[in-house]
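Visitor: Below is one structure. I have some questions about it.
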Amino acid sequence: MAEPNTSQTITLPSDVLQSLLASVNDLQNEVFLLRQENKTTRGLLKTIQAKIDVEFDSSTEWGSFEVFPKLPIEIRHLIWDAALKSPRIVGARIVVQDRGKIEETLVPTAPNSPILFVNKEARSRAKEILVCFTSTVAKTLGRVPLLYLNPDVDTL
């Protein structure tokens, strides 16, 4: 069996060769334009970021949102409501109390909705939506953590 000849020459018609060269030139021009566009976009993003930093003074404490208290109360309530309608799986256990009267009550095994701890307005709004599942006797004794959940979306 003879070994194949690896140094074979292929002849292309000149019009095909010119078409290939034109395509390569077009691709090079396209790459150049895309790089220019990329540089322009990066510059624009830097400008936008600088404006955002100035607008929302980046020296403020992380996590603060100073515009929120300036929103109308209706909008703030919509935001709190949306946060409270996010489904959660709420863990609880039964605790038996014996203070002259034996009573079983549910207590949370994990923290309640964080909205209850944001501020007075958020807590007030949360108490309008969330239901407290801790018994009245346990509430009056004040020694059992209260269990709040949204019965529309939470799972106990």
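By convention in this document, the chains of the structure tokens carry letters A, B, ... by their order, each chain's residues are numbered from 1, and ligands are numbered from 1 in the order they are shown.
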Skip Pro69 of chain A itself and residues of its chain fewer than 6 positions away, then list as a list in words all residues within 12 Å of it, counting only C-alpha atoms.
Guide: Ile75, Arg76, His77, Ile79, Asn119, Glu121 and Ala122 of chain A
Visitor: What gap, in Å, lies between atom CA of Thr134 of chain A and atom CA of Ile94 of chain A?
Guide: 10.0 Å
Visitor: What gap, in Å, lies between atom CA of Glu30 of chain A and atom CA of Gly43 of chain A?
Guide: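 Atom CA of Gly43 of chain A lies 20.0 Å from atom CA of Glu30 of chain A.
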Visitor: Please indicate the distance in Å from atom CA of Gly91 of chain A to atom CA of Phe133 of chain A, rounded to one decimal place.
Guide: 12.0 Å
Visitor: Could you list, as a VMD selection string, every residue within 7 Å of segment 111-118 of chain A, counting only C-alpha atoms and ignoring same-chain residues fewer than 3 positions away?
Guide: chain A and resid 108 122 to 123 126 147 to 148
Visitor: Print the selection's residues with N, CA and C atoms to a file, as an mmCIF file, in the first residue's frame.
Guide:
data_model
loop_
_atom_site.group_PDB
_atom_site.id
_atom_site.type_symbol
_atom_site.label_atom_id
_atom_site.label_comp_id
_atom_site.auth_asym_id
_atom_site.auth_seq_id
_atom_site.Cartn_x
_atom_site.Cartn_y
_atom_site.Cartn_z
ATOM 1 N N PRO A 108 -42.642 29.355 67.474
ATOM 2 C CA PRO A 108 -41.831 29.188 66.253
ATOM 3 C C PRO A 108 -40.497 28.503 66.555
ATOM 4 N N ALA A 122 -43.567 49.055 59.421
ATOM 5 C CA ALA A 122 -43.565 47.718 58.828
ATOM 6 C C ALA A 122 -44.221 46.712 59.766
ATOM 7 N N ARG A 123 -43.914 46.808 61.060
ATOM 8 C CA ARG A 123 -44.495 45.891 62.041
ATOM 9 C C ARG A 123 -46.017 46.051 62.094
ATOM 10 N N ALA A 126 -47.444 44.501 59.018
ATOM 11 C CA ALA A 126 -47.314 43.051 59.093
ATOM 12 C C ALA A 126 -48.386 42.465 60.002
ATOM 13 N N LEU A 147 -45.830 33.277 67.371
ATOM 14 C CA LEU A 147 -45.745 32.654 66.055
ATOM 15 C C LEU A 147 -46.661 33.405 65.096
ATOM 16 N N TYR A 148 -46.070 34.126 64.131
ATOM 17 C CA TYR A 148 -46.826 34.860 63.132
ATOM 18 C C TYR A 148 -46.662 34.172 61.791
#
Visitor: Using only C-alpha atoms, which of the listed residues (A:Phe68, A:Asn38, A:Leu84, A:Val24) sits closest to Asp154 of chain A?
Guide: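 Closest residue, counting only C-alpha atoms: A:Leu84.
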